Every structure is written in structure tokens, then in C-alpha cells.
>>> print(open('work.txt').read())   # compact mmCIF, C-alpha atoms
# COMPACT_ATOMS: atom_id res chain seq x y z
CA MET D 1 64.34 167.63 75.46
CA SER D 2 61.50 168.61 77.81
CA VAL D 3 61.65 172.01 79.47
CA LEU D 4 60.51 172.68 83.02
CA PRO D 5 57.14 174.51 82.87
CA GLU D 6 57.24 177.97 84.42
CA SER D 7 54.33 177.07 86.71
CA TYR D 8 56.71 175.00 88.84
CA ARG D 9 59.06 177.95 89.34
CA ALA D 10 56.14 179.97 90.68
CA LEU D 11 55.70 177.58 93.62
CA SER D 12 57.32 178.31 96.97
CA ALA D 13 59.74 175.87 98.58
CA ASP D 14 57.05 174.88 101.09
CA GLN D 15 54.52 174.25 98.32
CA LEU D 16 57.00 172.13 96.37
CA ARG D 17 57.92 170.11 99.43
CA THR D 18 54.28 169.55 100.41
CA ARG D 19 53.31 168.29 96.97
CA ILE D 20 56.36 166.00 96.77
CA LEU D 21 55.52 164.51 100.17
CA GLU D 22 51.91 163.95 99.06
CA ILE D 23 53.07 162.00 96.01
CA LYS D 24 55.51 159.96 98.09
CA LYS D 25 52.77 159.08 100.58
CA ALA D 26 50.27 158.14 97.85
CA LEU D 27 52.70 155.84 96.00
CA GLY D 28 54.51 154.36 98.98
CA SER D 29 56.93 151.60 98.03
CA ARG D 30 56.04 151.93 94.33
CA LEU D 31 58.28 155.03 94.20
CA LEU D 32 61.95 155.30 95.14
CA ILE D 33 63.77 158.64 95.12
CA LEU D 34 67.56 158.25 95.09
CA GLY D 35 69.81 161.07 96.26
CA HIS D 36 73.55 161.13 95.63
CA HIS D 37 75.74 162.47 98.45
CA TYR D 38 76.49 165.65 96.48
CA GLN D 39 72.87 166.76 96.11
CA ARG D 40 71.68 169.95 97.78
CA GLN D 41 70.17 169.49 101.25
CA GLU D 42 66.51 170.11 100.35
CA VAL D 43 66.66 167.32 97.78
CA ILE D 44 68.49 164.87 100.06
CA GLU D 45 65.87 165.43 102.76
CA LEU D 46 63.20 164.05 100.42
CA ALA D 47 65.23 161.12 99.09
CA ASP D 48 64.34 157.61 100.22
CA CYS D 49 67.96 156.49 99.90
CA ARG D 50 71.22 158.37 99.70
CA GLY D 51 74.68 157.14 98.82
CA ASP D 52 77.05 156.74 95.88
CA SER D 53 76.03 156.00 92.31
CA LEU D 54 76.54 152.23 92.22
CA GLY D 55 75.14 151.60 95.68
CA LEU D 56 71.98 153.53 94.90
CA SER D 57 71.47 151.76 91.57
CA ARG D 58 71.84 148.34 93.18
CA THR D 59 69.47 149.28 95.99
CA ALA D 60 66.80 150.38 93.51
CA ALA D 61 67.16 147.25 91.38
CA GLY D 62 66.72 145.12 94.49
CA ARG D 63 63.35 146.67 95.38
CA ARG D 64 60.95 144.39 93.53
CA GLU D 65 57.92 146.37 94.66
CA CYS D 66 59.33 149.60 93.20
CA GLU D 67 57.92 150.73 89.84
CA PHE D 68 59.39 154.23 89.55
CA ILE D 69 63.04 155.15 90.24
CA VAL D 70 63.86 158.87 90.30
CA PHE D 71 67.63 159.40 90.44
CA CYS D 72 68.75 162.76 91.80
CA GLY D 73 72.33 162.82 90.58
CA VAL D 74 74.12 163.35 87.27
CA ARG D 75 73.33 161.61 84.01
CA PHE D 76 75.71 158.63 84.15
CA MET D 77 74.22 157.68 87.52
CA ALA D 78 70.69 157.53 86.14
CA GLU D 79 72.03 155.51 83.20
CA SER D 80 73.58 153.01 85.63
CA ALA D 81 70.23 152.61 87.37
CA GLU D 82 68.64 152.02 83.96
CA ILE D 83 71.25 149.36 83.14
CA LEU D 84 70.65 147.45 86.39
CA ARG D 85 66.89 147.98 86.82
CA GLN D 86 64.30 145.22 86.72
CA ASP D 87 61.92 144.89 83.78
CA GLN D 88 58.93 146.40 85.56
CA GLN D 89 60.84 149.48 86.70
CA LYS D 90 61.21 152.85 84.99
CA VAL D 91 64.09 155.23 85.67
CA GLN D 92 63.72 159.00 85.49
CA HIS D 93 66.23 161.83 85.92
CA PRO D 94 64.97 165.26 87.05
CA ASP D 95 67.41 167.11 84.80
CA PRO D 96 68.86 165.25 81.78
CA GLU D 97 71.15 168.24 81.19
CA ALA D 98 72.92 167.54 84.48
CA GLY D 99 75.88 165.66 83.11
CA CYS D 100 79.37 164.95 84.43
CA PRO D 101 82.16 166.96 82.75
CA MET D 102 84.71 164.25 83.55
CA ALA D 103 82.54 161.54 82.02
CA ASP D 104 82.16 163.72 78.94
CA MET D 105 85.96 163.99 78.56
CA ALA D 106 85.95 160.51 77.02
CA ASP D 107 83.30 159.80 74.42
CA ILE D 108 82.89 156.51 72.60
CA GLU D 109 84.35 157.73 69.29
CA GLU D 110 87.53 158.98 70.97
CA VAL D 111 87.93 155.81 73.01
CA GLU D 112 87.46 153.56 69.99
CA ALA D 113 90.01 155.62 68.03
CA ALA D 114 92.48 155.35 70.92
CA TRP D 115 91.84 151.60 71.16
CA ARG D 116 92.67 151.13 67.48
CA ALA D 117 95.85 153.21 67.78
CA LEU D 118 97.01 151.40 70.91
CA ALA D 119 96.21 148.03 69.36
CA GLU D 120 98.65 148.79 66.56
CA VAL D 121 101.37 149.48 69.11
CA ALA D 122 100.69 146.90 71.80
CA GLY D 123 98.16 144.42 70.39
CA ALA D 124 94.45 144.59 71.30
CA ASP D 125 94.47 141.04 72.68
CA ARG D 126 96.93 142.15 75.38
CA ILE D 127 94.98 145.19 76.62
CA VAL D 128 92.08 145.06 79.11
CA PRO D 129 89.86 148.16 79.22
CA VAL D 130 88.67 149.38 82.62
CA THR D 131 86.23 152.25 82.90
CA TYR D 132 85.37 154.23 85.98
CA MET D 133 81.74 154.18 87.09
CA ASN D 134 81.76 157.90 86.23
CA SER D 135 81.43 157.25 82.51
CA SER D 136 78.74 156.96 79.89
CA ALA D 137 76.77 153.79 79.21
CA GLU D 138 78.54 153.58 75.84
CA LEU D 139 81.94 153.30 77.54
CA LYS D 140 80.66 150.66 79.94
CA ALA D 141 79.35 148.78 76.89
CA PHE D 142 82.77 149.16 75.23
CA CYS D 143 84.33 147.38 78.20
CA GLY D 144 81.66 144.74 78.04
CA ARG D 145 82.49 144.04 74.38
CA HIS D 146 86.24 143.95 74.87
CA GLY D 147 86.52 141.77 77.96
CA GLY D 148 86.84 144.69 80.34
CA VAL D 149 85.19 145.81 83.55
CA VAL D 150 83.73 148.79 85.38
CA CYS D 151 85.17 149.99 88.69
CA THR D 152 84.28 152.41 91.46
CA SER D 153 86.66 154.62 93.41
CA SER D 154 86.61 152.08 96.23
CA ASN D 155 87.18 148.87 94.24
CA ALA D 156 89.52 150.22 91.56
CA PRO D 157 92.56 148.34 92.98
CA LEU D 158 90.58 145.10 92.85
CA ALA D 159 89.55 145.83 89.25
CA PHE D 160 93.15 146.59 88.25
CA ARG D 161 94.38 143.32 89.71
CA TRP D 162 91.53 141.47 87.97
CA ALA D 163 92.50 143.07 84.65
CA LEU D 164 96.18 142.13 85.02
CA ARG D 165 95.21 138.49 85.45
CA ARG D 166 93.56 138.67 82.04
CA GLY D 167 95.99 140.75 80.03
CA GLU D 168 99.36 142.44 80.01
CA ARG D 169 98.12 146.03 80.00
CA ILE D 170 95.26 148.13 81.36
CA PHE D 171 93.60 150.96 79.46
CA PHE D 172 91.83 153.05 82.11
CA PHE D 173 89.40 155.92 81.48
CA PRO D 174 88.26 158.62 81.98
CA ASP D 175 89.96 159.83 85.22
CA GLU D 176 93.74 160.15 85.15
CA HIS D 177 93.99 160.95 88.87
CA LEU D 178 91.98 158.00 90.16
CA GLY D 179 94.10 155.91 87.79
CA ARG D 180 97.39 157.25 89.18
CA ASN D 181 96.30 156.87 92.80
CA THR D 182 95.14 153.33 92.12
CA ALA D 183 98.37 152.53 90.27
CA ARG D 184 100.37 153.60 93.31
CA GLU D 185 98.26 151.41 95.58
CA VAL D 186 98.58 148.41 93.27
CA GLY D 187 102.33 148.95 92.84
CA PHE D 188 102.81 150.24 89.29
CA PRO D 189 106.14 152.08 88.92
CA GLU D 190 105.86 155.41 87.13
CA ARG D 191 107.94 154.15 84.20
CA GLU D 192 105.19 151.64 83.36
CA ILE D 193 102.48 154.32 83.09
CA ALA D 194 101.67 156.26 79.93
CA LEU D 195 99.12 159.04 79.46
CA TRP D 196 96.78 159.10 76.47
CA ASP D 197 95.77 162.64 75.56
CA PRO D 198 92.68 162.57 73.30
CA ALA D 199 93.53 166.10 72.17
CA ARG D 200 96.84 164.84 70.74
CA PRO D 201 96.18 161.32 69.46
CA SER D 202 98.57 161.58 66.53
CA ASP D 203 101.75 161.92 68.57
CA LEU D 204 100.98 159.34 71.29
CA GLU D 205 101.43 161.79 74.17
CA GLY D 206 104.12 163.64 72.26
CA GLY D 207 106.62 160.88 72.94
CA THR D 208 107.61 157.73 71.13
CA ARG D 209 105.58 154.67 70.32
CA GLU D 210 107.97 152.73 72.56
CA ARG D 211 106.51 154.42 75.65
CA PHE D 212 103.13 152.90 74.87
CA ARG D 213 104.60 149.65 73.65
CA HIS D 214 106.11 149.02 77.09
CA ALA D 215 103.46 150.66 79.28
CA ARG D 216 101.45 148.32 81.51
CA LEU D 217 98.95 151.05 82.41
CA ILE D 218 97.60 153.59 79.95
CA LEU D 219 95.61 156.41 81.54
CA TRP D 220 93.12 158.71 79.86
CA LYS D 221 93.77 162.43 80.32
CA GLY D 222 90.56 163.32 82.14
CA TYR D 223 89.73 164.81 85.51
CA CYS D 224 87.01 165.90 87.94
CA HIS D 225 86.99 169.68 88.28
CA VAL D 226 85.55 169.38 91.80
CA HIS D 227 88.51 167.34 93.06
CA THR D 228 91.34 168.85 91.04
CA HIS D 229 90.44 172.11 92.79
CA PHE D 230 92.29 170.86 95.88
CA SER D 231 96.04 171.37 96.29
CA PRO D 232 98.82 170.41 98.72
CA GLU D 233 98.75 174.04 99.86
CA HIS D 234 95.16 173.55 101.07
CA VAL D 235 96.34 170.59 103.15
CA ALA D 236 99.29 172.55 104.55
CA ARG D 237 97.07 175.49 105.54
CA ALA D 238 94.62 173.17 107.29
CA ARG D 239 97.41 171.57 109.32
CA GLN D 240 98.88 174.95 110.18
CA ALA D 241 95.53 176.32 111.36
CA PHE D 242 94.62 173.18 113.32
CA PRO D 243 97.67 171.15 114.40
CA GLY D 244 96.60 167.56 114.92
CA ALA D 245 93.69 167.78 112.48
CA ARG D 246 93.09 164.85 110.15
CA VAL D 247 92.69 165.30 106.39
CA ILE D 248 90.76 162.93 104.13
CA VAL D 249 90.31 163.47 100.39
CA HIS D 250 88.68 161.74 97.45
CA PRO D 251 90.97 159.62 95.21
CA GLU D 252 89.93 161.75 92.22
CA CYS D 253 92.24 164.40 93.71
CA PRO D 254 95.73 164.79 92.18
CA GLN D 255 98.26 162.35 93.60
CA GLU D 256 100.23 165.04 95.42
CA VAL D 257 97.07 165.94 97.37
CA VAL D 258 96.36 162.31 98.24
CA LEU D 259 99.96 161.88 99.44
CA ALA D 260 99.70 165.00 101.60
CA ALA D 261 96.44 163.83 103.23
CA ASP D 262 96.04 161.29 106.01
CA ALA D 263 93.55 159.20 104.06
CA ALA D 264 91.72 158.98 100.76
CA GLY D 265 88.45 157.28 99.98
CA SER D 266 85.15 157.24 98.11
CA THR D 267 82.16 159.26 99.26
CA ASP D 268 80.92 156.34 101.34
CA ALA D 269 84.42 155.82 102.78
CA ILE D 270 84.57 159.50 103.75
CA CYS D 271 81.21 159.16 105.52
CA ARG D 272 82.46 156.11 107.43
CA TYR D 273 85.74 157.87 108.31
CA VAL D 274 83.86 160.76 109.89
CA GLY D 275 81.39 158.47 111.63
CA GLN D 276 84.14 156.38 113.19
CA ALA D 277 86.28 159.33 114.31
CA ALA D 278 86.46 160.10 118.01
CA SER D 279 84.22 162.77 119.48
CA GLY D 280 86.01 166.11 119.38
CA ALA D 281 88.09 165.18 116.33
CA THR D 282 88.95 167.88 113.79
CA ILE D 283 88.65 166.69 110.21
CA PHE D 284 89.21 168.51 106.93
CA ILE D 285 87.53 166.93 103.91
CA GLY D 286 88.53 167.36 100.29
CA THR D 287 85.38 166.65 98.33
CA GLU D 288 82.15 168.32 97.17
CA ILE D 289 80.90 170.99 99.57
CA ASN D 290 77.33 169.66 99.98
CA LEU D 291 78.59 166.40 101.46
CA VAL D 292 81.05 168.20 103.74
CA GLY D 293 78.34 170.52 105.06
CA ARG D 294 75.97 167.62 105.67
CA LEU D 295 78.60 165.65 107.58
CA ALA D 296 79.34 168.71 109.74
CA HIS D 297 75.63 169.05 110.53
CA GLU D 298 75.19 165.35 111.31
CA HIS D 299 78.26 165.14 113.57
CA PRO D 300 78.03 168.18 115.86
CA ASP D 301 80.41 166.53 118.33
CA LYS D 302 83.21 166.80 115.75
CA LYS D 303 84.78 169.75 113.97
CA ILE D 304 84.26 169.11 110.26
CA TYR D 305 85.62 171.59 107.71
CA GLU D 306 85.95 171.77 103.96
CA LEU D 307 89.56 171.63 102.78
CA SER D 308 88.44 174.32 100.35
CA ARG D 309 85.02 175.14 98.97
CA SER D 310 84.33 173.11 95.81
CA LEU D 311 80.81 172.84 94.40
CA CYS D 312 79.58 170.56 91.60
CA PRO D 313 77.28 172.83 89.56
CA ASN D 314 75.84 169.88 87.66
CA MET D 315 74.67 168.17 90.84
CA PHE D 316 73.29 171.53 91.94
CA ARG D 317 71.07 171.74 88.84
CA ILE D 318 68.53 169.42 90.43
CA ASP D 319 66.12 171.24 92.71
CA LEU D 320 62.66 170.74 94.21
CA ALA D 321 60.87 172.20 91.19
CA LYS D 322 62.50 169.71 88.80
CA LEU D 323 61.89 166.86 91.24
CA LEU D 324 58.18 167.68 91.54
CA TRP D 325 57.83 168.03 87.77
CA THR D 326 59.35 164.59 87.32
CA LEU D 327 57.09 163.08 90.00
CA ASP D 328 54.01 164.66 88.42
CA GLY D 329 55.03 162.93 85.19
CA LEU D 330 55.97 159.52 86.53
CA GLY D 331 56.46 157.10 83.68
CA SER D 332 56.75 159.83 81.06
CA VAL D 333 58.82 162.91 82.03
CA ASN D 334 62.60 162.65 81.68
CA LEU D 335 62.64 158.88 81.19
CA VAL D 336 66.12 157.42 80.88
CA ARG D 337 66.41 155.43 77.66
CA LEU D 338 69.36 153.44 76.36
CA ASP D 339 69.94 151.46 73.20
CA PRO D 340 69.13 147.81 74.11
CA GLU D 341 72.48 146.55 72.81
CA VAL D 342 74.42 149.22 74.69
CA LYS D 343 72.47 148.43 77.83
CA SER D 344 73.12 144.69 77.49
CA GLN D 345 76.86 145.08 76.90
CA ALA D 346 77.21 147.64 79.70
CA ARG D 347 75.47 145.26 82.07
CA VAL D 348 78.06 142.60 81.23
CA ALA D 349 80.88 144.92 82.36
CA LEU D 350 79.00 145.90 85.53
CA GLU D 351 78.24 142.29 86.40
CA ARG D 352 81.92 141.41 86.00
CA MET D 353 82.66 144.05 88.62
CA LEU D 354 79.96 142.76 90.95
CA GLU D 355 81.47 139.27 90.70
CA LEU D 356 84.90 140.45 91.89
>>> encode(input="work.txt", output="C-alpha cells")
Amino acid sequence: MSVLPESYRALSADQLRTRILEIKKALGSRLLILGHHYQRQEVIELADCRGDSLGLSRTAAGRRECEFIVFCGVRFMAESAEILRQDQQKVQHPDPEAGCPMADMADIEEVEAAWRALAEVAGADRIVPVTYMNSSAELKAFCGRHGGVVCTSSNAPLAFRWALRRGERIFFFPDEHLGRNTAREVGFPEREIALWDPARPSDLEGGTRERFRHARLILWKGYCHVHTHFSPEHVARARQAFPGARVIVHPECPQEVVLAADAAGSTDAICRYVGQAASGATIFIGTEINLVGRLAHEHPDKKIYELSRSLCPNMFRIDLAKLLWTLDGLGSVNLVRLDPEVKSQARVALERMLEL
């Protein structure tokens, strides 16, 4: 693993910004800097595109003139760009240590072990695996191998319905809460949902094998620490302080928070919700603080507040010094590399989603 040279830390913010802008100007359309919504403001200001992980990856892959893709986000996002990129493109990630704790809650060995155990109970030919975009390339490849699909927080209901047309049961990972919120939207009764705890694989959730034998949806016990920070009490306090305020949260929040809110949606959906709200509206948002602060700045005619302050420290790892270092080493520093077979199988699962 490469380590950021100390010389970059010695540069001021103005010096870093100036040098980054010089590189951007010199390379023009050959370079594309992608910034996820949760990035710190100084990074977003220098990004050529900003958005969610899948949207940014698709945008980059569609730019035929682009040779270098620098993804300012967490690791699985840069991997997704690598999966979808064109042959002439190279993907780099300013900080390979910036991972996603939720994605790391389900690794390929644990998922394969769970798959074997569940196959003994329910039959592998009857289960369709669905992985959230917020997962490793290996898990996307797993779904590609086993007839499954990838989903985003916005198209998860569509992916669930697709899976049920192809099998009797869905095995969804790694986010329990997105799974439960999607199940409610699709119409799964609670009695048809079982929770797989990778920390207790031997007792099948501490219950009986019959629970899994009859379950139509098996959820992985994983979560996003940014979004599980929010509680119904946060929603209640917001409504008490500002009667008539609207509350929108991310579907990675626990179900009781989603039910207490007025709306739930992906990062892009939250941006659209704020943009379409009437001037003067008061809106509390339950998602990562950098996006909330940016929306408040960009919509001064509306009162935008965080439901509670929740920062993603992994997104925050990327700064101007790491971005400049990566740009100075285009084509060599922090290249994203995937096993060709993993990449091919993961692309199959992503393309199934894009065909929905």
C-alpha cells in the first residue's frame, strides 16, 4: 500500500487547489474526477461530476474521451467504476484505506458459508441472491455466478420483484435495514422474513431451521453506522421544534425511523426532494452531514437542517492532499485492480440490474 508523501501535507489548501486546477486544465476531458455526495466540500468543489456511486460509475464509463477516472468516495465505489469502465480507462482511488464498514460486514467467505447452510435448508436452486451496491466486488461476482443481481437504494423494490420471478426466496446482503424497508414496500409480511447473523451461523439466528425453511426473504445482519445513528426520538424532536417541518431520511435507517419520517429515499432522491420543495419549506434530513450542509448552502430560500449530526469518517479520509498525490501519479498511484474473473462476474450482476 502506498503512503502519502509528507511533502503533500506541507502544502497549504490554496497551493493544493491551485495545483489540482492546473492538472485539470492541462488534461481536460482526458481526466474525470468523481465526487460522491458525502465528500467534504473542498473535494466536491473540484469534482467534475457528483452524485451516487452507480450514477457516477456509469457517467465515467460513458465518457469515451476520458482516460483517467479518479473516484473520491469509498472503496466499493471505485471498484464499481473499475467493473464498468472502458478498456482504455484507468480508475484510481485517492485513499484505498477508505472502505465502507457496512460493506465489510459481509465478506465473500461468510456469504459462501451462509449460502451453503441455507441451501441445505431451503435448496440453492430456490434462492436468488441480491446484493446492495454498497458491497465488495467479490459479492457482486457471487451474485453474478448464482443468477442474482445488484441493487441500489432506489431500485431495490424492482430488484426484489425481479428476484421473486426467478426463485422462491431472496437472500439479501449486506444491509438489514434497507432490506426491511424494501420488504415493507414490496409487501413481505414479517413472518416471511428471517435474519442471518454471520456471528452465529451455527444456530440459524438462534431459532429453528423451520424459520429459514419457510422464509421468503433472508436478510444479512449488517448496517450503516451513519444511518443507524438516527432514531424516532430525533424525528419527534424535529417536529416539536418546528411544527409543520418535513422529514426525509435514507432507507438505510432503521424501519422505525423511516416510518416516523415523511419520506425516505436515496441520496439523489433526497437532493430532488429538497430541490422540488416550496420556497420557505423547513426540511430535516437524516443522512450524512456533508450532504445536508451542502443542500442547506445551495437552497438558501429553504430551512434545511440535519436530523442529527452523523459523519462518515471513511468518506472524510479523502482530502485535497490525497487527491493531488493521485493526480500527480495518474496511471500509477492508487490504481484500482480486480481479479479479471471477479470483475467479469460482477459485471454480469450489474448488467442484470441495468436491464431491469
>>> atom_distance(input="work.txt", atom1="atom CA of D:Arg180", atom2="atom CA of D:Asn290")
25.9 Å
>>> residues_near_point(input="work.txt", point="(67.9, 160.8, 98.6)", cutoff="10 Å", atoms="all atoms listed in the file", output="ChimeraX atom specification")
/D:32-37,39-51,56,70-73
>>> write_last_selection(input="work.txt", atoms="C-alpha atoms", output="short mmCIF file (atom, residue, chain, number, x, y, z; two decimals), in the frame of the given file")
data_model
loop_
_atom_site.label_atom_id
_atom_site.label_comp_id
_atom_site.auth_asym_id
_atom_site.auth_seq_id
_atom_site.Cartn_x
_atom_site.Cartn_y
_atom_site.Cartn_z
CA LEU D 32 61.95 155.30 95.14
CA ILE D 33 63.77 158.64 95.12
CA LEU D 34 67.56 158.25 95.09
CA GLY D 35 69.81 161.07 96.26
CA HIS D 36 73.55 161.13 95.63
CA HIS D 37 75.74 162.47 98.45
CA GLN D 39 72.87 166.76 96.11
CA ARG D 40 71.68 169.95 97.78
CA GLN D 41 70.17 169.49 101.25
CA GLU D 42 66.51 170.11 100.35
CA VAL D 43 66.66 167.32 97.78
CA ILE D 44 68.49 164.87 100.06
CA GLU D 45 65.87 165.43 102.76
CA LEU D 46 63.20 164.05 100.42
CA ALA D 47 65.23 161.12 99.09
CA ASP D 48 64.34 157.61 100.22
CA CYS D 49 67.96 156.49 99.90
CA ARG D 50 71.22 158.37 99.70
CA GLY D 51 74.68 157.14 98.82
CA LEU D 56 71.98 153.53 94.90
CA VAL D 70 63.86 158.87 90.30
CA PHE D 71 67.63 159.40 90.44
CA CYS D 72 68.75 162.76 91.80
CA GLY D 73 72.33 162.82 90.58
#
>>> residues_around(input="work.txt", residues="stretch 151-160 of chain D", least_positions_apart="5", cutoff="10 Å", atoms="only C-alpha atoms", output="ChimeraX atom specification")
/D:52-54,128-134,140,165,169-172,178-179,181-187,217,250-252,264-269,349-350,352-354,356
>>> residues_around(input="work.txt", residues="D:Leu11", least_positions_apart="6", cutoff="10 Å", atoms="all atoms listed in the file", output="number ranges by chain")
D: 17, 320-321
>>> atom_distance(input="work.txt", atom1="atom CA of D:Glu351", atom2="atom CA of D:Met102")
23.1 Å
>>> atom_distance(input="work.txt", atom1="atom CA of D:Thr228", atom2="atom CA of D:His177")
8.6 Å
>>> closest_residue(input="work.txt", among="D:Arg213, D:Arg272, D:Lys221, D:Lys25", to="D:Pro198", atoms="all atoms listed in the file")
D:Lys221
>>> residues_around(input="work.txt", residues="stretch 295-307 of chain D", least_positions_apart="6", cutoff="10 Å", atoms="only C-alpha atoms", output="PyMOL selection string")
chain D and resi 230-231+233-238+245-249+270-271+274-275+277-289
>>> closest_residue(input="work.txt", among="D:Gly167, D:Gly244, D:Pro101, D:Pro232", to="D:Pro313", atoms="only C-alpha atoms")
D:Pro101
>>> closest_atom_pairs(input="work.txt", of="stretch 52-105 of chain D", to="stretch 338-348 of chain D", cutoff="10 Å", atoms="only C-alpha atoms", output="Markdown table")
| residue | atom | partner | partner_atom | distance |
| --- | --- | --- | --- | --- |
| D:Glu79 | CA | D:Leu338 | CA | 7.6 |
| D:Ser80 | CA | D:Arg347 | CA | 8.7 |
| D:Glu82 | CA | D:Leu338 | CA | 7.8 |
| D:Ile83 | CA | D:Lys343 | CA | 5.5 |
| D:Leu84 | CA | D:Arg347 | CA | 6.8 |
>>> residues_near_point(input="work.txt", point="(69.2, 160.2, 84.3)", cutoff="10 Å", atoms="all atoms listed in the file", output="mmCIF file with C-alpha atoms, in the frame of the given file")
data_model
loop_
_atom_site.group_PDB
_atom_site.id
_atom_site.type_symbol
_atom_site.label_atom_id
_atom_site.label_comp_id
_atom_site.auth_asym_id
_atom_site.auth_seq_id
_atom_site.Cartn_x
_atom_site.Cartn_y
_atom_site.Cartn_z
ATOM 1 C CA ILE D 69 63.040 155.150 90.240
ATOM 2 C CA VAL D 70 63.860 158.870 90.300
ATOM 3 C CA PHE D 71 67.630 159.400 90.440
ATOM 4 C CA CYS D 72 68.750 162.760 91.800
ATOM 5 C CA GLY D 73 72.330 162.820 90.580
ATOM 6 C CA VAL D 74 74.120 163.350 87.270
ATOM 7 C CA ARG D 75 73.330 161.610 84.010
ATOM 8 C CA PHE D 76 75.710 158.630 84.150
ATOM 9 C CA MET D 77 74.220 157.680 87.520
ATOM 10 C CA ALA D 78 70.690 157.530 86.140
ATOM 11 C CA GLU D 79 72.030 155.510 83.200
ATOM 12 C CA SER D 80 73.580 153.010 85.630
ATOM 13 C CA ALA D 81 70.230 152.610 87.370
ATOM 14 C CA GLU D 82 68.640 152.020 83.960
ATOM 15 C CA VAL D 91 64.090 155.230 85.670
ATOM 16 C CA GLN D 92 63.720 159.000 85.490
ATOM 17 C CA HIS D 93 66.230 161.830 85.920
ATOM 18 C CA PRO D 94 64.970 165.260 87.050
ATOM 19 C CA ASP D 95 67.410 167.110 84.800
ATOM 20 C CA PRO D 96 68.860 165.250 81.780
ATOM 21 C CA GLU D 97 71.150 168.240 81.190
ATOM 22 C CA ALA D 98 72.920 167.540 84.480
ATOM 23 C CA GLY D 99 75.880 165.660 83.110
ATOM 24 C CA ASN D 334 62.600 162.650 81.680
ATOM 25 C CA LEU D 335 62.640 158.880 81.190
ATOM 26 C CA VAL D 336 66.120 157.420 80.880
ATOM 27 C CA ARG D 337 66.410 155.430 77.660
#
>>> axis_aligned_box(input="work.txt", around="stretch 123-138 of chain D", padding_each_side="6 Å", output="AutoDock Vina command-line options")
--center_x 87.5 --center_y 149.5 --center_z 78.7 --size_x 33.4 --size_y 28.9 --size_z 28.7
>>> closest_residue(input="work.txt", among="D:Glu6, D:Thr59, D:Trp220, D:Ser12", to="D:Arg200", atoms="all atoms listed in the file")
D:Trp220
>>> closest_residue(input="work.txt", among="D:Glu109, D:Glu192, D:Glu176, D:Glu210", to="D:His227", atoms="only C-alpha atoms")
D:Glu176
>>> decode(input="work.txt", residues="stretch 185-196 of chain D", atoms="N, CA and C atoms", output="PDB file, in the first residue's frame")
ATOM      1  N   GLU D 185     -42.092  -2.221   1.506  1.00  0.00           N
ATOM      2  CA  GLU D 185     -42.614  -1.598   0.290  1.00  0.00           C
ATOM      3  C   GLU D 185     -43.126  -2.643  -0.694  1.00  0.00           C
ATOM      4  N   VAL D 186     -42.426  -3.757  -0.783  1.00  0.00           N
ATOM      5  CA  VAL D 186     -42.816  -4.821  -1.710  1.00  0.00           C
ATOM      6  C   VAL D 186     -44.013  -5.603  -1.181  1.00  0.00           C
ATOM      7  N   GLY D 187     -44.166  -5.672   0.149  1.00  0.00           N
ATOM      8  CA  GLY D 187     -45.314  -6.362   0.719  1.00  0.00           C
ATOM      9  C   GLY D 187     -45.012  -7.658   1.428  1.00  0.00           C
ATOM     10  N   PHE D 188     -43.754  -7.858   1.858  1.00  0.00           N
ATOM     11  CA  PHE D 188     -43.416  -9.055   2.620  1.00  0.00           C
ATOM     12  C   PHE D 188     -43.971  -8.950   4.040  1.00  0.00           C
ATOM     13  N   PRO D 189     -44.742  -9.902   4.520  1.00  0.00           N
ATOM     14  CA  PRO D 189     -45.136  -9.895   5.932  1.00  0.00           C
ATOM     15  C   PRO D 189     -43.933 -10.278   6.788  1.00  0.00           C
ATOM     16  N   GLU D 190     -43.915  -9.804   8.006  1.00  0.00           N
ATOM     17  CA  GLU D 190     -42.776 -10.041   8.893  1.00  0.00           C
ATOM     18  C   GLU D 190     -42.527 -11.532   9.107  1.00  0.00           C
ATOM     19  N   ARG D 191     -43.556 -12.336   9.095  1.00  0.00           N
ATOM     20  CA  ARG D 191     -43.384 -13.771   9.356  1.00  0.00           C
ATOM     21  C   ARG D 191     -42.608 -14.471   8.248  1.00  0.00           C
ATOM     22  N   GLU D 192     -42.477 -13.827   7.092  1.00  0.00           N
ATOM     23  CA  GLU D 192     -41.750 -14.429   5.968  1.00  0.00           C
ATOM     24  C   GLU D 192     -40.318 -13.932   5.871  1.00  0.00           C
ATOM     25  N   ILE D 193     -39.862 -13.198   6.889  1.00  0.00           N
ATOM     26  CA  ILE D 193     -38.511 -12.639   6.901  1.00  0.00           C
ATOM     27  C   ILE D 193     -37.692 -13.308   7.991  1.00  0.00           C
ATOM     28  N   ALA D 194     -36.485 -13.714   7.657  1.00  0.00           N
ATOM     29  CA  ALA D 194     -35.555 -14.278   8.639  1.00  0.00           C
ATOM     30  C   ALA D 194     -34.249 -13.498   8.572  1.00  0.00           C
ATOM     31  N   LEU D 195     -33.547 -13.438   9.683  1.00  0.00           N
ATOM     32  CA  LEU D 195     -32.303 -12.679   9.776  1.00  0.00           C
ATOM     33  C   LEU D 195     -31.127 -13.624   9.937  1.00  0.00           C
ATOM     34  N   TRP D 196     -30.168 -13.526   9.023  1.00  0.00           N
ATOM     35  CA  TRP D 196     -28.952 -14.331   9.115  1.00  0.00           C
ATOM     36  C   TRP D 196     -27.881 -13.521   9.837  1.00  0.00           C
TER      37      TRP D 196
END
